[in-house]
>>> print(open('protein_1.txt').read())   # compact mmCIF, C-alpha atoms and all ligand atoms
# COMPACT_ATOMS: atom_id res chain seq x y z
CA MET A 1 -21.85 23.79 48.57
CA PHE A 2 -19.44 26.70 48.96
CA ARG A 3 -18.17 26.11 45.45
CA SER A 4 -21.72 26.16 44.12
CA LEU A 5 -22.42 29.39 45.93
CA VAL A 6 -19.32 30.98 44.51
CA LEU A 7 -20.37 29.78 41.10
CA LEU A 8 -23.81 31.20 41.60
CA ALA A 9 -22.44 34.47 42.84
CA SER A 10 -20.21 34.75 39.80
CA LEU A 11 -23.12 33.91 37.51
CA ALA A 12 -25.20 36.57 39.20
CA LEU A 13 -22.37 39.01 38.64
CA LEU A 14 -22.10 38.00 35.04
CA ALA A 15 -25.80 38.53 34.74
CA THR A 16 -25.57 42.16 35.79
CA PRO A 17 -26.94 44.08 32.84
CA SER A 18 -23.97 46.47 32.80
CA LEU A 19 -21.57 43.66 31.90
CA ALA A 20 -21.75 43.33 28.16
CA GLN A 21 -20.10 39.90 27.99
CA ALA A 22 -22.80 38.27 30.12
CA PRO A 23 -24.28 35.23 28.41
CA GLU A 24 -26.86 34.48 31.13
CA VAL A 25 -29.05 37.49 30.57
CA LEU A 26 -29.21 39.55 27.46
CA PRO A 27 -27.92 42.84 28.82
CA ASP A 28 -28.95 44.76 25.76
CA LEU A 29 -31.88 43.23 23.97
CA ASP A 30 -31.35 45.69 21.18
CA GLY A 31 -34.69 44.90 19.63
CA ASP A 32 -33.72 41.22 19.58
CA PRO A 33 -35.42 39.58 22.56
CA VAL A 34 -35.04 35.94 23.52
CA VAL A 35 -38.07 34.06 22.20
CA LEU A 36 -37.22 30.54 23.33
CA VAL A 37 -35.05 29.10 26.09
CA VAL A 38 -34.43 25.41 26.75
CA HIS A 39 -32.67 23.28 29.36
CA GLY A 40 -31.53 19.69 29.26
CA GLY A 41 -30.97 19.13 32.97
CA ALA A 42 -28.63 20.28 35.71
CA GLY A 43 -26.06 18.24 37.60
CA THR A 44 -22.45 17.18 37.80
CA ILE A 45 -21.34 18.44 34.44
CA SER A 46 -17.69 19.39 34.14
CA ARG A 47 -15.33 19.39 31.18
CA ALA A 48 -13.41 16.52 32.77
CA GLU A 49 -16.50 14.33 32.78
CA ILE A 50 -17.85 15.00 29.31
CA THR A 51 -16.39 13.62 26.11
CA ASP A 52 -16.17 15.81 23.02
CA ALA A 53 -18.72 13.56 21.35
CA THR A 54 -21.23 14.04 24.19
CA GLU A 55 -20.69 17.77 24.21
CA ARG A 56 -21.27 17.96 20.45
CA ALA A 57 -24.37 15.77 20.70
CA VAL A 58 -25.88 17.80 23.55
CA ARG A 59 -25.17 21.17 21.97
CA GLY A 60 -26.39 19.91 18.59
CA ALA A 61 -29.66 18.61 20.03
CA MET A 62 -30.32 21.82 21.93
CA GLU A 63 -29.59 23.87 18.82
CA GLN A 64 -31.94 21.72 16.76
CA ALA A 65 -34.64 22.09 19.43
CA LEU A 66 -34.14 25.86 19.56
CA ARG A 67 -34.35 26.16 15.78
CA ALA A 68 -37.49 24.04 15.61
CA GLY A 69 -39.17 26.19 18.27
CA HIS A 70 -37.93 29.38 16.65
CA ALA A 71 -39.59 28.37 13.37
CA GLU A 72 -42.93 28.16 15.21
CA ILE A 73 -42.46 31.60 16.74
CA VAL A 74 -41.51 33.35 13.51
CA ALA A 75 -44.46 31.68 11.79
CA GLY A 76 -46.65 33.46 14.34
CA ARG A 77 -47.85 30.31 16.05
CA PRO A 78 -48.63 30.05 19.80
CA ALA A 79 -45.82 29.85 22.36
CA LEU A 80 -46.98 26.34 23.29
CA ASP A 81 -46.26 25.17 19.71
CA ALA A 82 -42.66 26.29 20.14
CA VAL A 83 -42.39 24.60 23.55
CA ALA A 84 -43.79 21.34 22.19
CA ALA A 85 -41.64 21.41 19.04
CA ALA A 86 -38.45 21.95 21.04
CA ILE A 87 -39.22 19.39 23.73
CA GLN A 88 -40.26 16.69 21.26
CA ILE A 89 -36.79 16.84 19.71
CA LEU A 90 -35.14 16.49 23.11
CA GLU A 91 -37.51 13.65 24.04
CA ASP A 92 -36.29 11.75 20.96
CA ASP A 93 -32.63 12.19 21.86
CA VAL A 94 -31.03 9.60 24.14
CA GLU A 95 -28.71 12.21 25.69
CA PHE A 96 -31.58 13.51 27.80
CA ASN A 97 -33.60 12.08 30.67
CA ALA A 98 -36.90 12.45 28.85
CA GLY A 99 -38.81 10.39 26.31
CA ARG A 100 -36.49 7.86 24.66
CA GLY A 101 -33.46 8.39 26.92
CA ALA A 102 -35.33 8.55 30.23
CA VAL A 103 -33.96 6.93 33.37
CA PHE A 104 -35.17 3.66 34.88
CA ALA A 105 -37.38 3.30 37.92
CA ALA A 106 -36.41 0.70 40.56
CA ASP A 107 -38.57 -2.00 38.96
CA GLY A 108 -36.73 -1.77 35.63
CA THR A 109 -39.42 0.19 33.82
CA VAL A 110 -39.24 3.72 32.43
CA ARG A 111 -42.02 6.06 33.60
CA HIS A 112 -42.41 9.58 32.32
CA ASP A 113 -43.70 12.83 33.82
CA ALA A 114 -44.48 16.00 31.83
CA SER A 115 -46.34 19.28 32.09
CA VAL A 116 -47.19 22.46 30.19
CA MET A 117 -48.65 25.80 31.14
CA ASP A 118 -49.99 28.59 28.96
CA GLY A 119 -49.24 32.07 30.25
CA ALA A 120 -52.06 33.82 28.41
CA SER A 121 -54.97 31.67 29.61
CA GLY A 122 -53.45 30.33 32.83
CA LEU A 123 -54.42 26.84 31.73
CA ALA A 124 -52.15 23.87 32.39
CA GLY A 125 -51.90 20.15 31.70
CA ALA A 126 -49.70 17.36 33.01
CA SER A 127 -49.23 13.60 33.10
CA THR A 128 -47.28 11.32 35.41
CA GLY A 129 -46.14 7.72 35.48
CA THR A 130 -46.85 6.93 31.83
CA MET A 131 -44.95 4.03 30.29
CA HIS A 132 -45.95 3.96 26.63
CA VAL A 133 -46.47 7.51 25.42
CA ARG A 134 -43.65 8.37 23.03
CA HIS A 135 -43.91 12.12 23.54
CA PRO A 136 -45.17 12.87 27.05
CA ILE A 137 -45.07 16.62 26.35
CA LEU A 138 -47.81 16.16 23.73
CA LEU A 139 -49.90 14.24 26.26
CA ALA A 140 -49.51 17.05 28.81
CA ARG A 141 -50.70 19.49 26.17
CA ARG A 142 -53.71 17.32 25.26
CA VAL A 143 -54.63 17.11 28.96
CA MET A 144 -54.71 20.91 29.01
CA GLU A 145 -56.56 21.33 25.74
CA ALA A 146 -58.87 18.33 25.55
CA SER A 147 -59.71 17.34 29.14
CA PRO A 148 -61.35 19.15 32.03
CA HIS A 149 -58.42 18.17 34.29
CA VAL A 150 -54.89 19.34 34.94
CA LEU A 151 -52.98 16.20 35.97
CA LEU A 152 -53.60 12.63 34.81
CA SER A 153 -51.68 9.62 36.07
CA ALA A 154 -50.50 6.19 34.88
CA GLU A 155 -53.14 3.94 33.24
CA GLY A 156 -55.78 6.66 33.05
CA ALA A 157 -53.35 9.02 31.38
CA GLU A 158 -52.47 6.33 28.85
CA GLU A 159 -56.12 5.55 28.14
CA PHE A 160 -56.59 9.26 27.45
CA ALA A 161 -53.46 9.32 25.24
CA LEU A 162 -54.91 6.43 23.22
CA GLU A 163 -58.24 8.26 22.84
CA GLN A 164 -56.38 11.33 21.69
CA GLY A 165 -54.54 9.37 19.01
CA LEU A 166 -51.07 9.97 20.46
CA GLU A 167 -48.23 7.61 19.51
CA LEU A 168 -47.84 4.72 21.95
CA VAL A 169 -44.79 2.42 22.01
CA PRO A 170 -43.67 -0.57 24.10
CA ASN A 171 -41.79 0.41 27.27
CA GLU A 172 -38.67 -1.26 25.82
CA PHE A 173 -38.53 1.56 23.26
CA PHE A 174 -37.22 3.71 26.12
CA HIS A 175 -34.67 1.19 27.45
CA THR A 176 -31.10 2.27 26.82
CA GLU A 177 -27.93 0.53 27.94
CA ARG A 178 -26.55 3.69 29.53
CA ARG A 179 -29.58 4.22 31.77
CA GLN A 180 -29.65 0.51 32.65
CA GLN A 181 -26.06 0.83 33.88
CA SER A 182 -27.03 3.91 35.93
CA LEU A 183 -29.81 1.95 37.61
CA LEU A 184 -27.43 -0.86 38.54
CA ARG A 185 -24.96 1.68 39.91
CA VAL A 186 -27.56 3.42 42.07
CA GLN A 187 -28.95 0.12 43.36
CA GLU A 188 -25.47 -1.06 44.27
CA ARG A 189 -24.83 2.21 46.12
CA GLU A 190 -28.08 1.89 48.02
CA ARG A 191 -27.33 -1.70 49.01
CA SER A 192 -24.02 -0.69 50.51
CA ALA A 193 -25.51 2.30 52.35
CA THR A 194 -26.00 1.89 56.07
CA GLY A 195 -29.22 2.68 57.89
CA LEU A 196 -32.83 2.50 56.77
CA ALA A 197 -33.08 5.60 54.61
CA ALA A 198 -31.89 5.57 51.01
CA PRO A 199 -28.91 7.88 50.55
CA ASP A 200 -29.54 11.27 49.01
CA PRO A 201 -29.51 11.04 45.24
CA GLU A 202 -26.28 11.91 43.51
CA PRO A 203 -26.54 14.94 41.23
CA TRP A 204 -26.14 12.70 38.17
CA GLN A 205 -29.14 10.61 39.21
CA MET A 206 -31.40 13.43 38.10
CA MET A 207 -29.44 14.61 35.10
CA GLY A 208 -31.09 15.34 31.81
CA THR A 209 -34.67 16.47 32.37
CA VAL A 210 -35.70 18.79 29.56
CA GLY A 211 -37.73 21.99 29.55
CA ALA A 212 -38.59 25.00 27.43
CA VAL A 213 -40.11 28.45 27.82
CA ALA A 214 -41.28 30.39 24.76
CA LEU A 215 -42.48 33.89 23.94
CA SER A 216 -44.82 34.14 20.97
CA ALA A 217 -44.79 36.94 18.41
CA GLU A 218 -47.98 38.19 20.10
CA GLY A 219 -46.16 38.46 23.44
CA HIS A 220 -47.57 35.39 25.18
CA LEU A 221 -45.53 32.98 27.28
CA ALA A 222 -45.71 29.20 27.66
CA ALA A 223 -43.57 26.69 29.54
CA GLY A 224 -43.14 22.91 29.54
CA THR A 225 -41.04 20.22 31.22
CA SER A 226 -40.54 16.51 30.46
CA THR A 227 -38.60 13.85 32.36
CA GLY A 228 -38.13 10.26 33.40
CA GLY A 229 -37.69 11.54 36.96
CA MET A 230 -34.98 10.06 39.16
CA THR A 231 -33.05 6.84 38.60
CA ASN A 232 -34.28 4.05 40.90
CA LYS A 233 -37.46 5.92 41.89
CA ARG A 234 -39.87 3.72 43.82
CA TRP A 235 -43.49 3.45 44.93
CA GLY A 236 -44.89 5.54 42.10
CA ARG A 237 -42.68 8.47 43.06
CA ILE A 238 -43.63 11.70 41.30
CA GLY A 239 -41.16 14.55 41.01
CA ASP A 240 -41.66 18.26 40.42
CA SER A 241 -41.71 18.13 36.62
CA PRO A 242 -45.46 17.40 36.29
CA ILE A 243 -46.38 19.63 39.23
CA ILE A 244 -47.59 23.05 38.14
CA GLY A 245 -45.96 25.70 40.31
CA ALA A 246 -43.04 23.43 41.21
CA GLY A 247 -41.41 22.30 37.96
CA THR A 248 -43.37 24.38 35.47
CA TYR A 249 -45.19 27.71 35.56
CA ALA A 250 -46.21 30.44 33.11
CA ASP A 251 -48.05 33.71 33.45
CA ASP A 252 -47.85 36.48 30.85
CA ALA A 253 -47.79 39.10 33.62
CA THR A 254 -44.60 37.72 35.15
CA CYS A 255 -42.66 34.91 33.48
CA GLY A 256 -42.50 31.33 32.30
CA VAL A 257 -40.34 28.83 34.23
CA SER A 258 -39.13 25.27 33.76
CA ALA A 259 -37.06 23.57 36.44
CA THR A 260 -34.65 20.68 36.78
CA GLY A 261 -33.04 19.18 39.85
CA HIS A 262 -33.89 17.27 43.00
CA GLY A 263 -37.66 17.31 42.61
CA GLU A 264 -38.61 16.85 46.25
CA PHE A 265 -37.11 20.26 47.06
CA PHE A 266 -38.75 21.93 44.08
CA ILE A 267 -42.14 20.60 45.19
CA ARG A 268 -41.74 21.61 48.83
CA LEU A 269 -40.54 25.09 47.90
CA GLY A 270 -42.96 25.69 45.01
CA ILE A 271 -39.95 26.90 43.05
CA ALA A 272 -41.42 27.82 39.65
CA ARG A 273 -44.36 29.71 41.08
CA ASP A 274 -42.09 31.42 43.61
CA VAL A 275 -40.13 33.09 40.80
CA ALA A 276 -43.35 34.53 39.34
CA ALA A 277 -44.61 35.52 42.82
CA ARG A 278 -41.43 37.47 43.59
CA MET A 279 -41.84 39.38 40.34
CA ALA A 280 -45.52 40.08 41.06
CA TYR A 281 -45.29 40.93 44.75
CA LEU A 282 -41.80 42.40 45.06
CA GLY A 283 -41.48 43.96 41.63
CA GLU A 284 -38.26 42.03 40.99
CA SER A 285 -36.94 41.50 37.46
CA VAL A 286 -36.99 37.95 36.11
CA ASP A 287 -33.26 37.65 36.78
CA GLU A 288 -33.49 38.98 40.33
CA ALA A 289 -36.36 36.62 41.13
CA ALA A 290 -34.82 33.53 39.50
CA THR A 291 -31.39 34.16 41.02
CA HIS A 292 -32.87 34.60 44.48
CA VAL A 293 -35.03 31.49 44.29
CA VAL A 294 -32.17 29.25 43.14
CA GLY A 295 -29.26 30.96 44.91
CA GLU A 296 -30.98 31.45 48.25
CA THR A 297 -34.32 29.65 48.64
CA LEU A 298 -33.31 26.37 46.97
CA THR A 299 -29.67 26.43 48.05
CA GLU A 300 -30.40 27.25 51.69
CA ALA A 301 -32.89 24.38 51.85
CA GLY A 302 -30.15 22.02 50.60
CA GLY A 303 -31.69 21.40 47.18
CA THR A 304 -29.72 21.17 43.94
CA GLY A 305 -30.74 22.07 40.42
CA GLY A 306 -31.58 25.01 38.25
CA ILE A 307 -34.27 26.79 36.29
CA ILE A 308 -34.82 28.64 33.06
CA ALA A 309 -37.07 31.70 33.21
CA LEU A 310 -38.24 34.09 30.50
CA ASP A 311 -40.40 37.20 30.79
CA ALA A 312 -42.73 38.77 28.23
CA GLY A 313 -40.03 41.31 27.34
CA GLY A 314 -37.70 38.56 26.18
CA ASN A 315 -35.38 38.75 29.21
CA VAL A 316 -33.96 35.39 30.19
CA SER A 317 -32.38 34.02 33.37
CA MET A 318 -30.84 30.55 33.81
CA PRO A 319 -29.43 30.15 37.33
CA PHE A 320 -28.33 26.80 38.80
CA ASN A 321 -26.38 25.68 41.86
CA THR A 322 -24.91 22.53 40.33
CA GLU A 323 -21.64 22.31 38.42
CA GLY A 324 -23.36 22.75 35.11
CA MET A 325 -26.70 22.86 33.33
CA TYR A 326 -27.44 22.09 29.69
CA ARG A 327 -29.11 25.27 28.49
CA GLY A 328 -29.56 27.57 25.53
CA TYR A 329 -31.70 30.23 23.95
CA VAL A 330 -32.61 31.70 20.60
CA THR A 331 -33.40 35.34 19.91
CA ARG A 332 -36.11 36.65 17.64
CA SER A 333 -33.55 37.24 14.85
CA GLY A 334 -32.44 33.59 15.14
CA ARG A 335 -29.22 33.95 17.13
CA VAL A 336 -28.68 30.63 18.95
CA VAL A 337 -26.56 30.29 22.09
CA THR A 338 -25.97 26.97 23.90
CA MET A 339 -24.15 26.48 27.20
CA ILE A 340 -23.19 23.54 29.38
CA TYR A 341 -20.64 24.50 32.02
CA GLY A 342 -20.80 26.86 34.95
CA ASP A 343 -18.19 29.20 33.54
CA GLU A 344 -19.88 29.80 30.19
N1 LIG B 401 -36.70 17.27 38.61
C1 LIG B 401 -36.72 15.91 38.15
C2 LIG B 401 -37.36 15.04 39.19
O1 LIG B 401 -37.10 15.23 40.37
C3 LIG B 401 -35.38 15.37 37.84
C4 LIG B 401 -34.49 16.25 36.99
O2 LIG B 401 -34.74 17.43 36.87
O3 LIG B 401 -33.51 15.75 36.42
O4 LIG B 401 -38.09 14.17 38.84
>>> encode(input="protein_1.txt", output="structure tokens")
Amino acid sequence: MFRSLVLLASLALLATPSLAQAPEVLPDLDGDPVVLVVHGGAGTISRAEITDATERAVRGAMEQALRAGHAEIVAGRPALDAVAAAIQILEDDVEFNAGRGAVFAADGTVRHDASVMDGASGLAGASTGTMHVRHPILLARRVMEASPHVLLSAEGAEEFALEQGLELVPNEFFHTERRQQSLLRVQERERSATGLAAPDPEPWQMMGTVGAVALSAEGHLAAGTSTGGMTNKRWGRIGDSPIIGAGTYADDATCGVSATGHGEFFIRLGIARDVAARMAYLGESVDEAATHVVGETLTEAGGTGGIIALDAGGNVSMPFNTEGMYRGYVTRSGRVVTMIYGDE
């Protein structure tokens, strides 16, 4: 915990606008604001634990997602188009705990959660516990745009996906060897744990959720998050990712947020909405609000994870209290930056 706090403190320092080398916040937007920021999950990510091939794959996928979203922005399309374009690419990549590479639930199935929110209209859509929708982020968007509801679950959500003509696939499409091994590892660990309660999840158990926040050419924000949740989740467990205000939030007047981490904490603390509330009520900048919520609110409660946050001026903040977080952004001019480790 102390190490994480030190890391956070140094990130906050790096984020001080007067330090020109800071990658976490653009100190000098110079007419080139950030228009899209993505994350691919927070957790135990250190150089010692990642192979060169994984690092290349993760950075490459994030870059591809950022470029796809950037194309939507420069074409003048809505922020939600950029969010969906970026997240769909990450959902198709087995490196991430979303779509195709999502983690297994305790019963050996893969069940997805996703959400979107539009900062201009305040509308939102989300789905939870789906097993056959190839791109859950598109379902969340259809819920927002084509249903009178905000959050649909399981069979009902899939019936709606079918009606909406979304691509459905067998659950096996999402089964990967790597995630199967993770499930076995977690189940073994739980069997050897003493006492009634399951042990706290390891940081890697919730690695790889994806999210994006975009700023359209017209100055509107949108955010989205997509995940398989936590390895070995039981009893229809739902995390923060499909919960508006916890894992995802967007409001043009403040910021857009997408979160990743131990979902139970993000739900209890209303993390995503809290960032926007601090900006609205306390007049904090997006970086002050995001850094406080992760560095103090989340950390003091014992939760682990991180967030990406973007305001309508193109200022970005990406704090986390884990060892690393897959993250990156693209500026209006097309400058792409990707980061993985805590010291980047
Ligand atoms: N927040 C997600 C959940 O709790 C997991 C993650 O971000 O990796 O379902």
>>> atom_distance(input="protein_1.txt", atom1="atom CA of Ala84 of chain A", atom2="atom CA of Leu298 of chain A")
27.4 Å
>>> atom_distance(input="protein_1.txt", atom1="atom CA of Glu323 of chain A", atom2="atom CA of Arg47 of chain A")
10.0 Å
>>> closest_residue(input="protein_1.txt", among="A:Ala68, A:Met62, A:Leu215, A:Ala106", to="Arg234 of chain A", atoms="all atoms listed in the file")
A:Ala106
>>> residues_near_ligand(input="protein_1.txt", ligand="ligand LIG 401 (chain B)", cutoff="6 Å", atoms="all atoms listed in the file", output="mmCIF file with C-alpha atoms, in the frame of the given file")
data_model
loop_
_atom_site.group_PDB
_atom_site.id
_atom_site.type_symbol
_atom_site.label_atom_id
_atom_site.label_comp_id
_atom_site.auth_asym_id
_atom_site.auth_seq_id
_atom_site.Cartn_x
_atom_site.Cartn_y
_atom_site.Cartn_z
ATOM 1 C CA GLY A 41 -30.970 19.130 32.970
ATOM 2 C CA MET A 206 -31.400 13.430 38.100
ATOM 3 C CA MET A 207 -29.440 14.610 35.100
ATOM 4 C CA GLY A 208 -31.090 15.340 31.810
ATOM 5 C CA THR A 209 -34.670 16.470 32.370
ATOM 6 C CA GLY A 229 -37.690 11.540 36.960
ATOM 7 C CA MET A 230 -34.980 10.060 39.160
ATOM 8 C CA GLY A 239 -41.160 14.550 41.010
ATOM 9 C CA ASP A 240 -41.660 18.260 40.420
ATOM 10 C CA SER A 241 -41.710 18.130 36.620
ATOM 11 C CA THR A 260 -34.650 20.680 36.780
ATOM 12 C CA GLY A 261 -33.040 19.180 39.850
ATOM 13 C CA HIS A 262 -33.890 17.270 43.000
ATOM 14 C CA GLY A 263 -37.660 17.310 42.610
#
>>> closest_residue(input="protein_1.txt", among="A:Leu166, A:Ala309, A:Leu123, A:Ala217", to="Arg332 of chain A", atoms="all atoms listed in the file")
A:Ala217
>>> atom_distance(input="protein_1.txt", atom1="atom CA of Pro136 of chain A", atom2="atom CA of Met325 of chain A")
21.9 Å
>>> residues_around(input="protein_1.txt", residues="Leu162 of chain A", least_positions_apart="2", cutoff="12 Å", atoms="all atoms listed in the file", output="number ranges by chain")
A: 130, 132-134, 139, 142, 155-160, 164-169
>>> closest_residue(input="protein_1.txt", among="A:Ala102, A:Val186, A:Ile308, A:Ala75", to="Ala212 of chain A", atoms="only C-alpha atoms")
A:Ile308
>>> axis_aligned_box(input="protein_1.txt", around="segment 65-74 of chain A", padding_each_side="6 Å", output="lines of an AutoDock Vina configuration file")
center_x = -38.5
center_y = 27.7
center_z = 16.5
size_x = 20.8
size_y = 23.3
size_z = 18.2
>>> closest_residue(input="protein_1.txt", among="A:Ala259, A:Ile89, A:Ala277, A:Ala53", to="Ser317 of chain A", atoms="all atoms listed in the file")
A:Ala259
>>> residues_around(input="protein_1.txt", residues="Gln64 of chain A", least_positions_apart="5", cutoff="9 Å", atoms="all atoms listed in the file", output="count of residues only")
5
>>> closest_residue(input="protein_1.txt", among="A:Glu218, A:Glu264, A:Glu172, A:Glu72", to="Ile238 of chain A", atoms="all atoms listed in the file")
A:Glu264
>>> closest_residue(input="protein_1.txt", among="A:Arg179, A:Arg100, A:His135, A:His220", to="Leu310 of chain A", atoms="only C-alpha atoms")
A:His220
>>> residues_near_point(input="protein_1.txt", point="(-41.2, 11.6, 29.6)", cutoff="10 Å", atoms="all atoms listed in the file", output="VMD selection string")
chain A and resid 87 to 88 91 to 92 96 to 103 110 to 115 127 to 140 174 209 to 210 225 to 229 241 to 242
>>> build_atoms(input="protein_1.txt", residues="segment 183-191 of chain A", atoms="all heavy atoms", output="PDB file, in the coordinates of the input")
ATOM      1  N   LEU A 183     -28.928   2.577  36.619  1.00  0.00           N
ATOM      2  CA  LEU A 183     -29.810   1.950  37.610  1.00  0.00           C
ATOM      3  C   LEU A 183     -29.023   0.961  38.460  1.00  0.00           C
ATOM      4  O   LEU A 183     -29.129   0.965  39.692  1.00  0.00           O
ATOM      5  CB  LEU A 183     -30.978   1.238  36.900  1.00  0.00           C
ATOM      6  CG  LEU A 183     -31.916   0.471  37.826  1.00  0.00           C
ATOM      7  CD1 LEU A 183     -32.670   1.427  38.752  1.00  0.00           C
ATOM      8  CD2 LEU A 183     -32.922  -0.372  37.031  1.00  0.00           C
ATOM      9  N   LEU A 184     -28.218   0.134  37.799  1.00  0.00           N
ATOM     10  CA  LEU A 184     -27.430  -0.860  38.540  1.00  0.00           C
ATOM     11  C   LEU A 184     -26.479  -0.166  39.522  1.00  0.00           C
ATOM     12  O   LEU A 184     -26.322  -0.599  40.657  1.00  0.00           O
ATOM     13  CB  LEU A 184     -26.642  -1.748  37.568  1.00  0.00           C
ATOM     14  CG  LEU A 184     -27.505  -2.622  36.653  1.00  0.00           C
ATOM     15  CD1 LEU A 184     -26.642  -3.414  35.677  1.00  0.00           C
ATOM     16  CD2 LEU A 184     -28.394  -3.576  37.477  1.00  0.00           C
ATOM     17  N   ARG A 185     -25.907   0.942  39.072  1.00  0.00           N
ATOM     18  CA  ARG A 185     -24.960   1.680  39.910  1.00  0.00           C
ATOM     19  C   ARG A 185     -25.658   2.243  41.159  1.00  0.00           C
ATOM     20  O   ARG A 185     -25.189   2.131  42.274  1.00  0.00           O
ATOM     21  CB  ARG A 185     -24.366   2.830  39.106  1.00  0.00           C
ATOM     22  CG  ARG A 185     -22.886   2.841  39.153  1.00  0.00           C
ATOM     23  CD  ARG A 185     -22.191   3.684  38.126  1.00  0.00           C
ATOM     24  NE  ARG A 185     -22.704   4.987  37.835  1.00  0.00           N
ATOM     25  CZ  ARG A 185     -22.919   5.454  36.594  1.00  0.00           C
ATOM     26  NH1 ARG A 185     -22.730   4.678  35.561  1.00  0.00           N
ATOM     27  NH2 ARG A 185     -23.354   6.677  36.397  1.00  0.00           N
ATOM     28  N   VAL A 186     -26.820   2.822  40.945  1.00  0.00           N
ATOM     29  CA  VAL A 186     -27.560   3.420  42.070  1.00  0.00           C
ATOM     30  C   VAL A 186     -28.004   2.316  43.031  1.00  0.00           C
ATOM     31  O   VAL A 186     -27.908   2.453  44.253  1.00  0.00           O
ATOM     32  CB  VAL A 186     -28.804   4.187  41.574  1.00  0.00           C
ATOM     33  CG1 VAL A 186     -29.590   4.747  42.740  1.00  0.00           C
ATOM     34  CG2 VAL A 186     -28.380   5.305  40.647  1.00  0.00           C
ATOM     35  N   GLN A 187     -28.455   1.192  42.487  1.00  0.00           N
ATOM     36  CA  GLN A 187     -28.950   0.120  43.360  1.00  0.00           C
ATOM     37  C   GLN A 187     -27.803  -0.467  44.182  1.00  0.00           C
ATOM     38  O   GLN A 187     -27.977  -0.773  45.352  1.00  0.00           O
ATOM     39  CB  GLN A 187     -29.670  -0.930  42.512  1.00  0.00           C
ATOM     40  CG  GLN A 187     -30.992  -0.364  41.985  1.00  0.00           C
ATOM     41  CD  GLN A 187     -31.818  -1.360  41.198  1.00  0.00           C
ATOM     42  OE1 GLN A 187     -31.280  -2.282  40.586  1.00  0.00           O
ATOM     43  NE2 GLN A 187     -33.126  -1.158  41.183  1.00  0.00           N
ATOM     44  N   GLU A 188     -26.636  -0.554  43.561  1.00  0.00           N
ATOM     45  CA  GLU A 188     -25.470  -1.060  44.270  1.00  0.00           C
ATOM     46  C   GLU A 188     -25.108  -0.099  45.417  1.00  0.00           C
ATOM     47  O   GLU A 188     -24.829  -0.502  46.545  1.00  0.00           O
ATOM     48  CB  GLU A 188     -24.302  -1.191  43.272  1.00  0.00           C
ATOM     49  CG  GLU A 188     -23.010  -1.717  43.863  1.00  0.00           C
ATOM     50  CD  GLU A 188     -23.222  -2.996  44.663  1.00  0.00           C
ATOM     51  OE1 GLU A 188     -23.992  -3.851  44.213  1.00  0.00           O
ATOM     52  OE2 GLU A 188     -22.633  -3.109  45.766  1.00  0.00           O
ATOM     53  N   ARG A 189     -25.177   1.180  45.128  1.00  0.00           N
ATOM     54  CA  ARG A 189     -24.830   2.210  46.120  1.00  0.00           C
ATOM     55  C   ARG A 189     -25.814   2.155  47.296  1.00  0.00           C
ATOM     56  O   ARG A 189     -25.437   2.270  48.456  1.00  0.00           O
ATOM     57  CB  ARG A 189     -24.890   3.563  45.419  1.00  0.00           C
ATOM     58  CG  ARG A 189     -24.327   4.691  46.207  1.00  0.00           C
ATOM     59  CD  ARG A 189     -24.217   5.922  45.328  1.00  0.00           C
ATOM     60  NE  ARG A 189     -24.394   7.088  46.159  1.00  0.00           N
ATOM     61  CZ  ARG A 189     -25.525   7.739  46.310  1.00  0.00           C
ATOM     62  NH1 ARG A 189     -26.599   7.362  45.646  1.00  0.00           N
ATOM     63  NH2 ARG A 189     -25.595   8.765  47.105  1.00  0.00           N
ATOM     64  N   GLU A 190     -27.073   1.942  46.954  1.00  0.00           N
ATOM     65  CA  GLU A 190     -28.080   1.890  48.020  1.00  0.00           C
ATOM     66  C   GLU A 190     -27.918   0.651  48.883  1.00  0.00           C
ATOM     67  O   GLU A 190     -28.120   0.690  50.089  1.00  0.00           O
ATOM     68  CB  GLU A 190     -29.489   1.955  47.411  1.00  0.00           C
ATOM     69  CG  GLU A 190     -29.747   3.317  46.810  1.00  0.00           C
ATOM     70  CD  GLU A 190     -31.214   3.684  46.771  1.00  0.00           C
ATOM     71  OE1 GLU A 190     -32.063   2.892  47.229  1.00  0.00           O
ATOM     72  OE2 GLU A 190     -31.503   4.786  46.280  1.00  0.00           O
ATOM     73  N   ARG A 191     -27.525  -0.457  48.245  1.00  0.00           N
ATOM     74  CA  ARG A 191     -27.330  -1.700  49.010  1.00  0.00           C
ATOM     75  C   ARG A 191     -26.199  -1.553  50.010  1.00  0.00           C
ATOM     76  O   ARG A 191     -26.263  -2.062  51.112  1.00  0.00           O
ATOM     77  CB  ARG A 191     -27.021  -2.863  48.047  1.00  0.00           C
ATOM     78  CG  ARG A 191     -28.245  -3.720  47.742  1.00  0.00           C
ATOM     79  CD  ARG A 191     -27.843  -5.036  47.083  1.00  0.00           C
ATOM     80  NE  ARG A 191     -27.157  -4.826  45.816  1.00  0.00           N
ATOM     81  CZ  ARG A 191     -27.786  -4.628  44.658  1.00  0.00           C
ATOM     82  NH1 ARG A 191     -29.102  -4.612  44.617  1.00  0.00           N
ATOM     83  NH2 ARG A 191     -27.108  -4.448  43.544  1.00  0.00           N
TER      84      ARG A 191
END
